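Structure data follow from start_20.cif (mmCIF, C-alpha atoms):
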```cif
data_entry
#
loop_
_atom_site.label_atom_id
_atom_site.label_comp_id
_atom_site.auth_asym_id
_atom_site.auth_seq_id
_atom_site.Cartn_x
_atom_site.Cartn_y
_atom_site.Cartn_z
CA MET J 68 -6.51 159.71 -135.12
CA GLN J 69 -7.76 163.21 -135.86
CA ILE J 70 -10.67 165.22 -134.49
CA GLU J 71 -12.23 167.64 -136.96
CA GLN J 72 -15.27 169.87 -136.80
CA ARG J 73 -18.23 168.99 -138.97
CA GLN J 74 -18.95 171.55 -141.70
CA SER J 75 -22.69 171.30 -141.08
CA GLN J 76 -24.74 169.75 -138.33
CA ASN J 77 -27.50 167.32 -139.18
CA PRO J 78 -30.75 168.47 -137.49
CA LEU J 79 -31.70 164.80 -137.06
CA ILE J 80 -28.61 164.27 -134.90
CA GLY J 81 -29.62 167.19 -132.69
CA LEU J 82 -33.02 165.56 -132.22
CA LEU J 83 -31.73 162.05 -131.61
CA VAL J 84 -28.93 162.94 -129.17
CA PRO J 85 -31.21 163.73 -126.17
CA VAL J 86 -33.38 160.65 -126.82
CA ALA J 87 -30.39 158.36 -127.23
CA SER J 88 -28.77 159.93 -124.15
CA ALA J 89 -31.80 159.14 -122.00
CA LEU J 90 -31.94 155.56 -123.24
CA VAL J 91 -28.20 155.00 -122.77
CA ALA J 92 -28.39 156.49 -119.28
CA LEU J 93 -31.19 154.08 -118.35
CA ALA J 94 -29.16 151.20 -119.78
CA LEU J 95 -26.05 152.21 -117.83
CA ALA J 96 -28.11 152.55 -114.65
CA ALA J 97 -28.82 148.84 -114.94
CA ILE J 98 -25.20 148.12 -113.98
CA PRO J 99 -25.44 149.34 -110.36
CA LEU J 100 -28.86 147.70 -110.17
CA ALA J 101 -27.25 144.39 -111.08
CA PHE J 102 -24.50 144.91 -108.47
CA ALA J 103 -27.23 145.60 -105.91
CA GLY J 104 -28.66 142.18 -106.69
CA ALA J 105 -31.97 143.49 -108.03
CA ASP J 106 -33.95 141.93 -110.85
CA ILE J 107 -33.36 144.54 -113.57
CA GLY J 108 -36.54 143.79 -115.49
CA ALA J 109 -38.67 143.91 -112.35
CA ALA J 110 -36.93 147.08 -111.21
CA TYR J 111 -37.68 148.97 -114.44
CA GLN J 112 -41.23 147.61 -114.43
CA GLN J 113 -41.63 148.97 -110.92
CA MET J 114 -40.29 152.34 -112.09
CA TRP J 115 -42.88 152.36 -114.87
CA GLN J 116 -45.67 151.45 -112.45
CA GLY J 117 -44.46 154.14 -110.08
CA VAL J 118 -45.00 156.78 -112.76
CA PHE J 119 -47.85 155.49 -114.95
CA GLY J 120 -49.43 152.80 -112.78
CA SER J 121 -52.15 154.99 -111.30
CA ARG J 122 -53.64 158.45 -111.60
CA PHE J 123 -52.03 159.44 -108.30
CA ALA J 124 -48.59 158.33 -109.49
CA PHE J 125 -48.95 160.21 -112.77
CA THR J 126 -50.04 163.43 -111.08
CA GLU J 127 -47.14 163.13 -108.64
CA MET J 128 -44.78 162.99 -111.60
CA LEU J 129 -46.38 166.13 -113.06
CA THR J 130 -46.12 167.84 -109.68
CA ARG J 131 -42.41 167.01 -109.48
CA ALA J 132 -41.90 168.21 -113.08
CA THR J 133 -43.43 171.66 -112.45
CA PRO J 134 -40.45 173.35 -110.71
CA LEU J 135 -38.08 171.56 -113.11
CA ILE J 136 -39.81 173.19 -116.09
CA PHE J 137 -39.31 176.62 -114.53
CA THR J 138 -35.63 176.08 -113.63
CA GLY J 139 -34.99 174.33 -116.95
CA LEU J 140 -36.40 177.35 -118.80
CA ALA J 141 -34.27 179.65 -116.64
CA ALA J 142 -31.12 177.79 -117.65
CA ALA J 143 -32.13 177.35 -121.31
CA ILE J 144 -32.83 181.05 -121.94
CA ALA J 145 -29.66 182.18 -120.17
CA PHE J 146 -27.50 179.60 -121.92
CA GLN J 147 -28.87 180.68 -125.31
CA ALA J 148 -27.08 183.98 -124.71
CA ARG J 149 -24.03 182.18 -123.27
CA LEU J 150 -24.89 183.64 -119.87
CA TRP J 151 -24.10 180.77 -117.52
CA ASN J 152 -26.68 181.13 -114.77
CA ILE J 153 -25.79 178.56 -112.10
CA GLY J 154 -27.73 180.45 -109.45
CA ALA J 155 -31.25 179.19 -110.14
CA GLU J 156 -31.31 177.45 -106.76
CA GLY J 157 -30.82 180.72 -104.91
CA GLN J 158 -33.23 182.57 -107.20
CA LEU J 159 -35.83 179.88 -106.47
CA TYR J 160 -35.54 180.62 -102.75
CA LEU J 161 -35.74 184.37 -103.35
CA GLY J 162 -38.96 183.85 -105.30
CA ALA J 163 -40.37 181.68 -102.55
CA LEU J 164 -39.41 184.21 -99.89
CA ALA J 165 -41.11 187.04 -101.78
CA ALA J 166 -44.23 184.90 -102.31
CA VAL J 167 -44.41 184.18 -98.59
CA TRP J 168 -43.80 187.83 -97.76
CA VAL J 169 -46.74 188.96 -99.89
CA GLY J 170 -48.98 185.94 -99.48
CA THR J 171 -49.10 185.41 -95.73
CA GLY J 172 -51.40 188.28 -94.92
CA MET J 173 -49.34 191.42 -95.57
CA ILE J 174 -51.96 192.29 -98.18
CA ASP J 175 -55.50 191.06 -97.89
CA GLY J 176 -57.50 190.80 -101.08
CA PRO J 177 -59.49 188.48 -103.30
CA MET J 178 -57.92 185.55 -105.15
CA VAL J 179 -57.93 187.39 -108.50
CA LEU J 180 -55.65 190.01 -106.94
CA MET J 181 -53.53 187.95 -104.56
CA ILE J 182 -52.41 185.20 -106.96
CA PRO J 183 -51.06 187.59 -109.65
CA LEU J 184 -49.46 189.65 -106.91
CA VAL J 185 -47.68 186.63 -105.41
CA ILE J 186 -46.51 185.49 -108.85
CA PHE J 187 -45.26 188.98 -109.73
CA ALA J 188 -43.41 189.36 -106.41
CA GLY J 189 -41.71 185.98 -106.81
CA ALA J 190 -40.69 186.68 -110.39
CA VAL J 191 -39.23 190.11 -109.54
CA ALA J 192 -37.32 188.71 -106.56
CA GLY J 193 -35.89 185.88 -108.62
CA GLY J 194 -34.94 188.27 -111.42
CA LEU J 195 -33.13 190.57 -109.02
CA GLY J 196 -31.17 187.55 -107.80
CA MET J 197 -29.42 187.33 -111.18
CA VAL J 198 -28.85 191.06 -111.68
CA GLY J 199 -25.70 191.14 -109.53
CA PRO J 200 -23.80 188.36 -111.36
CA ALA J 201 -24.90 189.72 -114.75
CA TYR J 202 -23.75 193.26 -113.84
CA LEU J 203 -20.37 191.99 -112.65
CA ARG J 204 -20.03 190.06 -115.93
CA THR J 205 -20.91 193.00 -118.17
CA ARG J 206 -19.10 195.69 -116.14
CA PHE J 207 -15.97 193.93 -114.91
CA GLY J 208 -15.87 190.67 -116.87
CA ALA J 209 -16.36 188.58 -113.71
CA ASP J 210 -17.19 184.94 -114.37
CA GLU J 211 -20.91 184.54 -113.68
CA VAL J 212 -20.44 180.81 -113.10
CA VAL J 213 -18.51 181.63 -109.93
CA THR J 214 -20.55 184.62 -108.79
CA SER J 215 -23.99 183.07 -109.35
CA LEU J 216 -22.89 179.79 -107.76
CA LEU J 217 -21.49 181.48 -104.66
CA LEU J 218 -24.58 183.68 -104.43
CA ASN J 219 -26.66 180.53 -103.91
CA PHE J 220 -25.04 179.95 -100.53
CA ILE J 221 -25.46 183.58 -99.47
CA ILE J 222 -29.15 183.54 -100.41
CA LEU J 223 -29.78 180.26 -98.60
CA ILE J 224 -28.17 181.61 -95.42
CA PHE J 225 -30.23 184.79 -95.78
CA VAL J 226 -33.44 182.74 -96.12
CA GLN J 227 -32.51 180.69 -93.04
CA MET J 228 -31.94 183.91 -91.13
CA MET J 229 -35.36 185.18 -92.19
CA LEU J 230 -37.01 181.91 -91.16
CA GLU J 231 -35.36 182.12 -87.76
CA GLY J 232 -36.35 185.79 -87.43
CA PRO J 233 -38.99 188.01 -89.03
CA PHE J 234 -40.61 185.26 -91.13
CA LYS J 235 -40.78 182.62 -88.39
CA ASP J 236 -44.22 181.18 -87.77
CA PRO J 237 -45.07 181.77 -84.09
CA MET J 238 -47.42 178.77 -84.30
CA GLY J 239 -44.71 176.51 -85.78
CA LEU J 240 -43.69 174.92 -82.46
CA GLY J 241 -40.18 176.31 -82.81
CA TRP J 242 -39.54 174.94 -86.30
CA PRO J 243 -37.84 177.40 -88.67
CA GLN J 244 -40.69 177.79 -91.13
CA SER J 245 -42.79 180.66 -92.38
CA GLU J 246 -46.43 181.30 -91.72
CA PRO J 247 -48.72 179.50 -94.18
CA ILE J 248 -49.85 181.18 -97.39
CA ILE J 249 -53.40 182.48 -97.02
CA GLU J 250 -56.06 180.69 -99.03
CA ALA J 251 -56.65 183.63 -101.39
CA ALA J 252 -52.95 183.60 -102.43
CA ALA J 253 -52.62 179.83 -102.93
CA LEU J 254 -52.49 178.38 -106.44
CA PRO J 255 -55.63 176.26 -106.97
CA LYS J 256 -55.45 172.49 -107.22
CA LEU J 257 -56.11 171.00 -110.63
CA MET J 258 -57.63 167.74 -109.36
CA PRO J 259 -59.41 166.93 -106.10
CA LYS J 260 -57.42 164.91 -103.51
CA MET J 261 -54.25 165.31 -105.60
CA ARG J 262 -51.27 167.59 -105.09
CA ILE J 263 -51.05 168.77 -108.69
CA HIS J 264 -51.69 172.52 -108.88
CA ALA J 265 -52.03 175.45 -111.28
CA GLY J 266 -48.29 176.04 -111.24
CA LEU J 267 -48.07 173.40 -113.97
CA ILE J 268 -50.35 175.46 -116.24
CA LEU J 269 -48.22 178.54 -115.56
CA ALA J 270 -45.05 176.60 -116.37
CA LEU J 271 -46.46 175.35 -119.69
CA ILE J 272 -47.53 178.88 -120.64
CA CYS J 273 -44.04 180.16 -119.85
CA ALA J 274 -42.52 177.44 -122.05
CA VAL J 275 -44.72 178.33 -125.02
CA VAL J 276 -44.10 182.07 -124.60
CA ALA J 277 -40.34 181.48 -124.30
CA GLN J 278 -40.33 179.33 -127.44
CA VAL J 279 -42.18 181.99 -129.44
CA MET J 280 -40.02 184.81 -128.07
CA LEU J 281 -36.77 183.01 -128.83
CA THR J 282 -37.67 181.88 -132.34
CA ARG J 283 -40.14 184.47 -133.62
CA SER J 284 -39.16 187.81 -132.12
CA THR J 285 -36.43 190.40 -132.61
CA TRP J 286 -35.49 189.98 -128.97
CA GLY J 287 -34.94 186.27 -129.50
CA PHE J 288 -32.76 187.00 -132.53
CA ARG J 289 -30.62 189.36 -130.45
CA VAL J 290 -30.28 186.76 -127.71
CA ARG J 291 -29.16 184.08 -130.13
CA ALA J 292 -26.82 186.49 -131.91
CA VAL J 293 -25.16 187.47 -128.63
CA GLY J 294 -24.81 183.82 -127.72
CA ALA J 295 -23.35 182.87 -131.12
CA ASN J 296 -20.79 185.68 -131.42
CA PRO J 297 -20.85 188.71 -129.08
CA ALA J 298 -18.29 190.62 -131.13
CA ALA J 299 -20.27 190.17 -134.36
CA ALA J 300 -23.49 191.06 -132.55
CA ARG J 301 -21.90 194.26 -131.23
CA HIS J 302 -20.61 195.11 -134.71
CA ALA J 303 -24.17 194.66 -136.05
CA GLY J 304 -25.44 197.28 -133.62
CA ILE J 305 -26.81 195.03 -130.87
CA ASN J 306 -26.32 196.33 -127.34
CA VAL J 307 -24.76 193.18 -125.92
CA ASN J 308 -24.67 194.28 -122.28
CA ARG J 309 -28.30 195.39 -122.29
CA THR J 310 -29.35 192.11 -123.91
CA LEU J 311 -27.45 190.12 -121.28
CA MET J 312 -29.03 192.10 -118.43
CA GLY J 313 -32.50 191.47 -119.89
CA VAL J 314 -31.78 187.76 -120.27
CA ALA J 315 -30.52 187.67 -116.67
CA MET J 316 -33.73 189.24 -115.36
CA ILE J 317 -35.95 186.84 -117.31
CA SER J 318 -33.86 183.81 -116.36
CA GLY J 319 -33.91 184.73 -112.68
CA ALA J 320 -37.64 185.47 -112.83
CA LEU J 321 -38.37 182.00 -114.18
CA ALA J 322 -36.32 180.43 -111.41
CA GLY J 323 -38.18 182.60 -108.91
CA LEU J 324 -41.49 181.25 -110.25
CA ALA J 325 -40.29 177.77 -109.36
CA GLY J 326 -40.15 178.92 -105.75
CA VAL J 327 -43.60 180.50 -106.03
CA SER J 328 -45.10 177.28 -107.38
CA GLU J 329 -43.60 175.26 -104.54
CA VAL J 330 -44.77 177.46 -101.67
CA ALA J 331 -48.05 178.76 -103.11
CA GLY J 332 -49.05 175.60 -104.96
CA LEU J 333 -47.56 172.62 -103.13
CA LYS J 334 -46.15 173.15 -99.62
CA GLY J 335 -48.12 176.20 -98.50
CA TYR J 336 -45.20 177.57 -96.46
CA LEU J 337 -41.46 178.10 -96.75
CA THR J 338 -38.74 176.02 -95.14
CA ALA J 339 -34.99 175.96 -95.69
CA ASP J 340 -35.26 172.53 -97.35
CA LEU J 341 -37.93 173.60 -99.84
CA SER J 342 -35.88 172.50 -102.84
CA PRO J 343 -33.96 169.22 -103.15
CA GLY J 344 -31.80 170.88 -105.82
CA PHE J 345 -34.34 171.90 -108.46
CA GLY J 346 -32.10 174.79 -109.49
CA TYR J 347 -29.13 172.57 -110.28
CA THR J 348 -31.27 169.85 -111.87
CA GLY J 349 -32.73 172.51 -114.15
CA ILE J 350 -29.32 172.74 -115.84
CA VAL J 351 -29.53 169.04 -116.72
CA VAL J 352 -33.09 169.56 -117.96
CA ALA J 353 -31.99 172.41 -120.23
CA MET J 354 -29.00 170.50 -121.60
CA LEU J 355 -31.12 167.41 -122.31
CA ALA J 356 -33.59 169.66 -124.14
CA GLY J 357 -30.88 171.17 -126.31
CA LEU J 358 -31.80 174.60 -124.83
CA SER J 359 -35.22 174.43 -126.52
CA PRO J 360 -38.04 175.79 -124.28
CA VAL J 361 -40.56 173.25 -125.61
CA GLY J 362 -37.93 170.54 -125.25
CA VAL J 363 -37.51 171.60 -121.63
CA VAL J 364 -41.07 170.43 -120.92
CA ILE J 365 -40.34 166.96 -122.32
CA SER J 366 -36.98 166.80 -120.60
CA ALA J 367 -38.47 167.85 -117.25
CA LEU J 368 -41.12 165.14 -117.56
CA PHE J 369 -38.39 162.56 -118.18
CA ILE J 370 -36.28 163.68 -115.22
CA ALA J 371 -39.34 163.82 -112.97
CA SER J 372 -40.32 160.33 -114.12
CA VAL J 373 -36.86 159.05 -113.18
CA PHE J 374 -37.05 160.59 -109.71
CA VAL J 375 -40.62 159.47 -108.96
CA GLY J 376 -40.09 156.04 -110.51
CA ALA J 377 -36.85 155.51 -108.60
CA ASP J 378 -38.58 156.43 -105.34
CA SER J 379 -41.28 153.85 -106.06
CA MET J 380 -38.70 151.23 -107.01
CA SER J 381 -36.71 151.96 -103.86
CA ARG J 382 -39.73 151.41 -101.64
CA ALA J 383 -40.84 148.25 -103.46
CA MET J 384 -37.48 146.52 -103.97
CA GLY J 385 -35.21 147.95 -101.30
CA VAL J 386 -32.91 149.61 -103.86
CA SER J 387 -31.34 152.95 -103.02
CA SER J 388 -33.23 155.93 -104.43
CA TYR J 389 -29.85 157.49 -105.21
CA LEU J 390 -30.15 155.55 -108.44
CA ALA J 391 -32.31 158.44 -109.70
CA ASP J 392 -29.47 160.92 -109.11
CA LEU J 393 -27.11 158.52 -110.86
CA THR J 394 -29.42 158.27 -113.88
CA VAL J 395 -29.74 162.05 -114.14
CA ALA J 396 -25.95 162.42 -113.95
CA LEU J 397 -25.46 159.73 -116.59
CA SER J 398 -28.00 161.52 -118.82
CA LEU J 399 -25.99 164.73 -118.63
CA ILE J 400 -22.74 162.93 -119.42
CA CYS J 401 -24.35 161.14 -122.37
CA VAL J 402 -25.75 164.44 -123.70
CA ILE J 403 -22.33 166.07 -123.50
CA VAL J 404 -20.68 163.13 -125.25
CA GLY J 405 -23.45 162.98 -127.85
CA GLY J 406 -23.21 166.73 -128.44
CA PHE J 407 -19.47 166.40 -128.97
CA PHE J 408 -19.91 163.77 -131.67
CA GLY J 409 -22.66 165.92 -133.19
CA ARG J 410 -20.20 168.77 -133.71
CA PHE J 411 -17.03 166.80 -134.39
CA ARG J 412 -16.03 163.63 -136.19
CA ILE J 413 -13.05 161.38 -135.50
CA ARG J 414 -10.95 160.13 -138.41
CA PHE J 415 -8.65 157.13 -138.12
CA GLY J 416 -5.87 155.90 -140.36
CA GLN J 417 -3.22 157.50 -142.56
CA GLY J 418 -5.64 160.00 -144.07
CA ALA J 419 -6.29 161.42 -140.63
CA ALA J 420 -2.59 161.86 -139.93
CA ALA J 421 -2.13 163.71 -143.21
#
```

Kindly return the structure encoded in the file as structure tokens.
Amino acid sequence: MQIEQRQSQNPLIGLLVPVASALVALALAAIPLAFAGADIGAAYQQMWQGVFGSRFAFTEMLTRATPLIFTGLAAAIAFQARLWNIGAEGQLYLGALAAVWVGTGMIDGPMVLMIPLVIFAGAVAGGLGMVGPAYLRTRFGADEVVTSLLLNFIILIFVQMMLEGPFKDPMGLGWPQSEPIIEAAALPKLMPKMRIHAGLILALICAVVAQVMLTRSTWGFRVRAVGANPAAARHAGINVNRTLMGVAMISGALAGLAGVSEVAGLKGYLTADLSPGFGYTGIVVAMLAGLSPVGVVISALFIASVFVGADSMSRAMGVSSYLADLTVALSLICVIVGGFFGRFRIRFGQGAAA
């Protein structure tokens, strides 16, 4: 048996791998369902109903997908430059903290002023959260996987300290939560009596802008060149370190916007359990999308559908909702395996040995 790299990659394979990965992951998830004694057909039907069975269910899926689009974009743009940002979870909390800081009455103004101000503050805070790991990478060669991952824990402890101290709501009955965002700073709802909010529109705009910037601009060319071969990019006159720092700021800013959308659009205040792991799930979203910003939107919708559908199935059939986490993990494994076979082929027989 011999493993050899393909001379050229078929674009059709790159398109089919994420789709096939999602389908295979759903098929593999049927195994634990069967062990749990559930009717597999009824379980998947319940998942479908839990996502598309009503307008409320569908909008809940879109609401869950909103922060995943932001964190998926954060990972996709960074990974394009081979900058491994694993700190989106911490950057999300920094963005949320900045949004609460600005949006709970520190500045009083009309909605047209407050909403852009809250968004800008959250984006800047999130971007700054990735500056440290990127600087250590470019200046000292430190592995940003380690530094950005460890920074998540430091940021979360810092946010908890703020919620127990200066940011604590005196009317919160002792709970460690911030004061609520004032009405002028809250993202408007898109539909009455639903939780879906304008953060979704902002996320879609960011995805389109990121797609255009990466594929149609000089900046996007530099990012892809640095990601493909830093030495060749440097030889061609590209400032690799400056490009990486810019990518780090944009990636962190997008993760920070996920925090803004959650506190200013959905929850209305900040708690230490604001995110159930949107930052880490964003990595799966980006990988499923093949690091394509537009693909991130589709991938986030799929992951959100799995989570929301699994919750519905759990309530209706008594099956553990951890099945959603299992499906997401299986999707990532299938994407990695599919990507491997997209780049390499395996030869068997005597010809391979020769």

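Closest approach to Ser328 (chain J) among J:Val118, J:Leu269, J:Leu184, J:Ala356 is made by J:Leu269 (distances from only C-alpha atoms).
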
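Every protein, DNA or RNA residue with an atom at most 8 Å from Leu337 (chain J), where all atoms listed in the file count and chain neighbours fewer than 6 positions away do not, is listed here: J:Ala163, J:Leu164, J:Val167, J:Gln244, J:Ser245, J:Glu246, J:Pro247, J:Val330.
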
Could you jot down the CA of Val198 (chain J) to CA of Gly319 (chain J) separation for me, Å, one decimal place?
8.2 Å

Do you know which residues are at most 8 Å from Leu281 (chain J) counting all atoms listed in the file, after dropping those on the same chain fewer than 5 positions away, and could you put them as an MDAnalysis selection string?
chainID J and resid 286:288 290:291

Applying the PyMOL selection byres ((chain J and resi 141) around 9) to the file I just gave you, which residues come out? Please list them as a ChimeraX atom specification.
/J:136-140,142-146,152,155,315,317-322,346,349-350,353

Matched chain/residue IDs from the PyMOL selection byres ((chain J and resi 213) around 10), as a PyMOL selection string:
chain J and resi 151-154+200+209-212+214-218

Selection result of the PyMOL selection byres ((chain J and resi 248) around 6) on this file, as a PyMOL selection string:
chain J and resi 170-171+247+249+335-336

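You can rank J:Ser379, J:Thr338, J:Ser387, J:Ser366 by their closest distance to Met228 (chain J) using all atoms listed in the file, and at the top of that list sits J:Thr338.
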
Separation of CA of Ala270 (chain J) and CA of Thr133 (chain J), in Å?
6.5 Å

Tell me, in Å to one decimal, how far CA of Leu393 (chain J) is from CA of Gly357 (chain J).
20.3 Å

Distance cut-off 10 Å, centre (-29.4, 196.0, -129.5) in file coordinates, counting all atoms listed in the file: which residues qualify? Return them as an NGL selection string.
:J and (285-286 or 289-290 or 293 or 300-301 or 303-310)

Can you write out the residues you just picked, keeping C-alpha atoms, as a PDB file, in the coordinates of the input?
```
ATOM      1  CA  THR J 285     -36.430 190.400-132.610  1.00  0.00           C
ATOM      2  CA  TRP J 286     -35.490 189.980-128.970  1.00  0.00           C
ATOM      3  CA  ARG J 289     -30.620 189.360-130.450  1.00  0.00           C
ATOM      4  CA  VAL J 290     -30.280 186.760-127.710  1.00  0.00           C
ATOM      5  CA  VAL J 293     -25.160 187.470-128.630  1.00  0.00           C
ATOM      6  CA  ALA J 300     -23.490 191.060-132.550  1.00  0.00           C
ATOM      7  CA  ARG J 301     -21.900 194.260-131.230  1.00  0.00           C
ATOM      8  CA  ALA J 303     -24.170 194.660-136.050  1.00  0.00           C
ATOM      9  CA  GLY J 304     -25.440 197.280-133.620  1.00  0.00           C
ATOM     10  CA  ILE J 305     -26.810 195.030-130.870  1.00  0.00           C
ATOM     11  CA  ASN J 306     -26.320 196.330-127.340  1.00  0.00           C
ATOM     12  CA  VAL J 307     -24.760 193.180-125.920  1.00  0.00           C
ATOM     13  CA  ASN J 308     -24.670 194.280-122.280  1.00  0.00           C
ATOM     14  CA  ARG J 309     -28.300 195.390-122.290  1.00  0.00           C
ATOM     15  CA  THR J 310     -29.350 192.110-123.910  1.00  0.00           C
TER      16      THR J 310
END
```

Give the padded box for region 336-353 of chain J as lines of an AutoDock Vina configuration file: axis-aligned, covering all atoms listed in the file, 5 Å on each side, centre and edge lengths in Å to one decimal.
```
center_x = -37.2
center_y = 173.6
center_z = -107.7
size_x = 26.1
size_y = 19.1
size_z = 35.1
```

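For the set J:Leu267, J:Leu223, J:Met380, J:Ala331, the residue with the smallest atom-to-atom gap to Thr130 (chain J) is J:Leu267, counting all atoms listed in the file.
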
Emit a file covering region 209-273 of chain J of the preceding structure with C-alpha atoms, as a PDB file, in the first residue's frame.
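What landed in decode_6.pdb:
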```pdb
ATOM      1  CA  ALA J 209       5.277  31.065  19.894  1.00  0.00           C
ATOM      2  CA  ASP J 210       2.592  28.584  18.910  1.00  0.00           C
ATOM      3  CA  GLU J 211      -0.664  30.540  18.715  1.00  0.00           C
ATOM      4  CA  VAL J 212      -2.660  27.337  19.227  1.00  0.00           C
ATOM      5  CA  VAL J 213      -1.341  27.169  22.781  1.00  0.00           C
ATOM      6  CA  THR J 214      -1.350  30.884  23.562  1.00  0.00           C
ATOM      7  CA  SER J 215      -4.821  31.632  22.175  1.00  0.00           C
ATOM      8  CA  LEU J 216      -6.272  28.523  23.817  1.00  0.00           C
ATOM      9  CA  LEU J 217      -4.819  29.354  27.226  1.00  0.00           C
ATOM     10  CA  LEU J 218      -5.932  32.965  26.854  1.00  0.00           C
ATOM     11  CA  ASN J 219      -9.540  31.737  26.742  1.00  0.00           C
ATOM     12  CA  PHE J 220      -9.334  30.656  30.377  1.00  0.00           C
ATOM     13  CA  ILE J 221      -7.705  33.906  31.480  1.00  0.00           C
ATOM     14  CA  ILE J 222     -10.382  35.970  29.730  1.00  0.00           C
ATOM     15  CA  LEU J 223     -13.212  33.911  31.200  1.00  0.00           C
ATOM     16  CA  ILE J 224     -11.811  34.348  34.716  1.00  0.00           C
ATOM     17  CA  PHE J 225     -11.428  38.077  34.040  1.00  0.00           C
ATOM     18  CA  VAL J 226     -15.067  38.304  32.891  1.00  0.00           C
ATOM     19  CA  GLN J 227     -16.219  36.428  36.005  1.00  0.00           C
ATOM     20  CA  MET J 228     -14.239  38.857  38.137  1.00  0.00           C
ATOM     21  CA  MET J 229     -15.896  41.798  36.395  1.00  0.00           C
ATOM     22  CA  LEU J 230     -19.349  40.269  36.871  1.00  0.00           C
ATOM     23  CA  GLU J 231     -18.651  39.802  40.567  1.00  0.00           C
ATOM     24  CA  GLY J 232     -17.285  43.348  40.833  1.00  0.00           C
ATOM     25  CA  PRO J 233     -17.659  46.522  38.780  1.00  0.00           C
ATOM     26  CA  PHE J 234     -20.123  45.078  36.242  1.00  0.00           C
ATOM     27  CA  LYS J 235     -22.411  43.344  38.751  1.00  0.00           C
ATOM     28  CA  ASP J 236     -26.061  44.302  38.514  1.00  0.00           C
ATOM     29  CA  PRO J 237     -27.130  45.648  41.928  1.00  0.00           C
ATOM     30  CA  MET J 238     -30.695  44.620  41.057  1.00  0.00           C
ATOM     31  CA  GLY J 239     -29.652  41.060  40.130  1.00  0.00           C
ATOM     32  CA  LEU J 240     -30.508  39.524  43.523  1.00  0.00           C
ATOM     33  CA  GLY J 241     -26.889  38.520  44.037  1.00  0.00           C
ATOM     34  CA  TRP J 242     -26.491  36.690  40.723  1.00  0.00           C
ATOM     35  CA  PRO J 243     -23.217  37.405  38.907  1.00  0.00           C
ATOM     36  CA  GLN J 244     -24.665  39.160  35.888  1.00  0.00           C
ATOM     37  CA  SER J 245     -24.310  42.574  34.326  1.00  0.00           C
ATOM     38  CA  GLU J 246     -26.878  45.315  34.177  1.00  0.00           C
ATOM     39  CA  PRO J 247     -29.218  44.980  31.180  1.00  0.00           C
ATOM     40  CA  ILE J 248     -28.423  46.669  27.882  1.00  0.00           C
ATOM     41  CA  ILE J 249     -30.451  49.851  27.498  1.00  0.00           C
ATOM     42  CA  GLU J 250     -33.170  49.793  24.855  1.00  0.00           C
ATOM     43  CA  ALA J 251     -31.375  52.252  22.562  1.00  0.00           C
ATOM     44  CA  ALA J 252     -28.319  49.931  22.386  1.00  0.00           C
ATOM     45  CA  ALA J 253     -30.225  46.675  21.800  1.00  0.00           C
ATOM     46  CA  LEU J 254     -30.261  45.080  18.352  1.00  0.00           C
ATOM     47  CA  PRO J 255     -33.855  45.201  17.031  1.00  0.00           C
ATOM     48  CA  LYS J 256     -35.928  42.056  16.660  1.00  0.00           C
ATOM     49  CA  LEU J 257     -36.617  40.915  13.121  1.00  0.00           C
ATOM     50  CA  MET J 258     -40.017  39.342  13.867  1.00  0.00           C
ATOM     51  CA  PRO J 259     -42.557  40.078  16.600  1.00  0.00           C
ATOM     52  CA  LYS J 260     -42.763  37.554  19.484  1.00  0.00           C
ATOM     53  CA  MET J 261     -39.640  35.775  18.183  1.00  0.00           C
ATOM     54  CA  ARG J 262     -36.073  35.878  19.461  1.00  0.00           C
ATOM     55  CA  ILE J 263     -34.450  36.323  16.054  1.00  0.00           C
ATOM     56  CA  HIS J 264     -32.657  39.688  15.893  1.00  0.00           C
ATOM     57  CA  ALA J 265     -30.664  41.988  13.617  1.00  0.00           C
ATOM     58  CA  GLY J 266     -27.427  40.234  14.528  1.00  0.00           C
ATOM     59  CA  LEU J 267     -28.282  37.725  11.798  1.00  0.00           C
ATOM     60  CA  ILE J 268     -28.330  40.493   9.172  1.00  0.00           C
ATOM     61  CA  LEU J 269     -24.979  41.761  10.446  1.00  0.00           C
ATOM     62  CA  ALA J 270     -23.525  38.243  10.292  1.00  0.00           C
ATOM     63  CA  LEU J 271     -24.675  37.752   6.685  1.00  0.00           C
ATOM     64  CA  ILE J 272     -23.191  41.113   5.680  1.00  0.00           C
ATOM     65  CA  CYS J 273     -19.893  40.140   7.291  1.00  0.00           C
TER      66      CYS J 273
END
```
